[in-house]
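Peer 1: A single structure is presented below for examination.
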Amino acid sequence: LIHVTSGPKLALQLPRESAAHKQEIDEYFLVDDPKVHGKSKMKKAFCEPGNVDFCPPIELLAYFGGLDGGDNKEGVTIARSAENGGNITYTTKAAILQDFGSGALHPGDLKGVITGVMVDVLTKMSAEIKADGDAAKGVKALKAFEKKMAKQKKK
C-alpha cells in the first residue's frame with residue numbers, strides 16, 4: 001500500500017534562467033526512479049559549501065532521515081575520516097545546518113549519506129509500486145504520458 005504524505009517541496013537544483021539549460025528529469029526525484037537515478041541525481045544536486053539557505057541534501061536528510069520529530073531517535077551518522085573529524089551523528093536539522101554553515105560538515109560527506117538514504121527510499125517505493133497493481137498501472141500511464149509529451153516537445 002502506498003500512502004501519499006506531504007514532504008519537502010524542493011528542487012535538487014537552483015531554478016535555471018534559460019529553458020535551454022533545463023533538464024527537468026534531474027531536478028526532482030520521481031516516484032518510479034530506479035536507484036541508479038538516486039545516485040546520479042544526488043551527485044548533481046546543488047550543495048554549495050556553507051549555503052544553508054538552499055541546500056536540498058539537508059532538507060532531504062532531515063525529512064527522510066527522520067530528524068526533528070521523525071522516528072529516527074538514534075539520528076543519522078555521517079562517516080568521515082579521522083583527519084576530517086571522524087564520524088559524527090546528527091539528531092536535529094539545526095545541528096546539521098550549524099555545521100554545514102560553519103564549514104565543519106563538507107558537501108561530499110553530506111551527499112554521501114543522503115545518497116544512501118534516497119536509494120533506500122526509492123528502492124522501497126519501487127517495491128511498493130510493483131506490489132500494488134493499481135499503482136503499477138498508474139506508473140505505466142504516467143510513463144506513456146511522459147513519452148507522448150516528449151514527442152510533442154520535439155515538434
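Residues are named by chain letter and number: chains run A, B, ... in the order of the C-alpha cells, numbers start at 1 in each chain, and ligands are numbered from 1 in the order shown.
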Do you know which residues are at most 8 Å from stretch 52-55 of chain A counting only C-alpha atoms, after dropping those on the same chain fewer than 5 positions away, and could you put them as a list in words?

Peer 2: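 Contacts, with the query itself left out: Phe46, Cys47, Leu97, Phe100 and Gly101 of chain A.
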
Peer 1: How would the residues just chosen look if you wrote them out with C-alpha atoms as an mmCIF file, in the first residue's frame?

Peer 2:
data_model
loop_
_atom_site.group_PDB
_atom_site.id
_atom_site.type_symbol
_atom_site.label_atom_id
_atom_site.label_comp_id
_atom_site.auth_asym_id
_atom_site.auth_seq_id
_atom_site.Cartn_x
_atom_site.Cartn_y
_atom_site.Cartn_z
ATOM 1 C CA PHE A 46 23.103 21.747 -5.583
ATOM 2 C CA CYS A 47 25.140 21.745 -2.380
ATOM 3 C CA LEU A 97 22.657 23.470 9.451
ATOM 4 C CA PHE A 100 27.304 22.905 7.280
ATOM 5 C CA GLY A 101 27.084 26.686 7.580
#

Peer 1: I'd like a table as JSON lines: residues in stretch 27-106 of chain A with an atom no more than 7 Å from stretch 115-120 of chain A, each row giving the shortest atom pair and its distance in Å to one decimal, only C-alpha atoms counted, sorted by chain and rising residue number.

Peer 2:
{"residue": "A:Lys35", "atom": "CA", "partner": "A:Val119", "partner_atom": "CA", "distance": 5.1}
{"residue": "A:Gly38", "atom": "CA", "partner": "A:Val119", "partner_atom": "CA", "distance": 5.5}
{"residue": "A:Lys39", "atom": "CA", "partner": "A:Thr115", "partner_atom": "CA", "distance": 5.7}
{"residue": "A:Met42", "atom": "CA", "partner": "A:Thr115", "partner_atom": "CA", "distance": 5.9}
{"residue": "A:Gly65", "atom": "CA", "partner": "A:Val117", "partner_atom": "CA", "distance": 6.9}

Peer 1: Would you save the residues of that selection, restricted to N, CA and C atoms, as a PDB file, in the first residue's frame?

Peer 2:
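The result, written out as out.pdb:
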ATOM      1  N   LYS A  35      17.139   3.120  -8.542  1.00  0.00           N
ATOM      2  CA  LYS A  35      18.133   3.583  -7.568  1.00  0.00           C
ATOM      3  C   LYS A  35      19.351   4.222  -8.224  1.00  0.00           C
ATOM      4  N   GLY A  38      18.829   7.774  -8.289  1.00  0.00           N
ATOM      5  CA  GLY A  38      19.000   8.375  -6.972  1.00  0.00           C
ATOM      6  C   GLY A  38      20.438   8.774  -6.746  1.00  0.00           C
ATOM      7  N   LYS A  39      21.348   7.917  -7.166  1.00  0.00           N
ATOM      8  CA  LYS A  39      22.774   8.217  -7.007  1.00  0.00           C
ATOM      9  C   LYS A  39      23.193   9.379  -7.901  1.00  0.00           C
ATOM     10  N   MET A  42      21.657  12.817  -6.793  1.00  0.00           N
ATOM     11  CA  MET A  42      22.271  13.399  -5.606  1.00  0.00           C
ATOM     12  C   MET A  42      23.671  13.919  -5.926  1.00  0.00           C
ATOM     13  N   GLY A  65      15.559  11.201   6.686  1.00  0.00           N
ATOM     14  CA  GLY A  65      16.406  10.652   7.736  1.00  0.00           C
ATOM     15  C   GLY A  65      15.701  10.589   9.081  1.00  0.00           C
TER      16      GLY A  65
END

Peer 1: When you look at A:Gly103 with a cut-off of 12 Å (counting only C-alpha atoms), what residues show up, excluding the ones that are within fewer than 2 positions of it in the same chain? I need them as a PyMOL selection string.

Peer 2: chain A and resi 48-52+84-85+96-101+105-110

Peer 1: For A:Thr89, which of A:Ala150, A:Ala141, A:Val113, A:Ser102 is the closest residue, counting only C-alpha atoms?

Peer 2: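 For A:Thr89, the nearest of the given residues is A:Val113.
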
Peer 1: Please indicate the distance in Å from atom CA of A:Phe64 to atom CA of A:Lys140, rounded to one decimal place.

Peer 2: 25.8 Å

Peer 1: Restricting the calculation to only C-alpha atoms: of A:Lys111, A:Lys73, A:Lys93, A:Lys154, which residue gets closest to A:Ser40?

Peer 2: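 So, comparing all the options, the nearest one is A:Lys111.
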
Peer 1: Residues of stretch 39-154 of chain A classed as helix (DSSP H, G or I) by DSSP on the backbone are to be reported as a VMD selection string.

Peer 2: chain A and resid 39 to 44 56 to 64 82 to 84 93 to 102 107 to 131 133 to 154

Peer 1: What residues in stretch 17-154 of chain A get the DSSP label strand (DSSP E or B)? Please answer as a PyMOL selection string.

Peer 2: chain A and resi 76-78+88-90

Peer 1: Expressed in Å to a single decimal, how great is the separation between atom CA of A:Pro56 and atom CA of A:Lys124?

Peer 2: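 Between atom CA of A:Pro56 and atom CA of A:Lys124 the gap is 20.7 Å.
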
Peer 1: Determine, counting only C-alpha atoms, which protein, DNA and RNA residues have an atom within 12 Å of an atom of A:Asn72; residues of the same chain fewer than 4 positions away are not included. Present the result as a PyMOL selection string.

Peer 2: chain A and resi 61-68+76-77+89-92
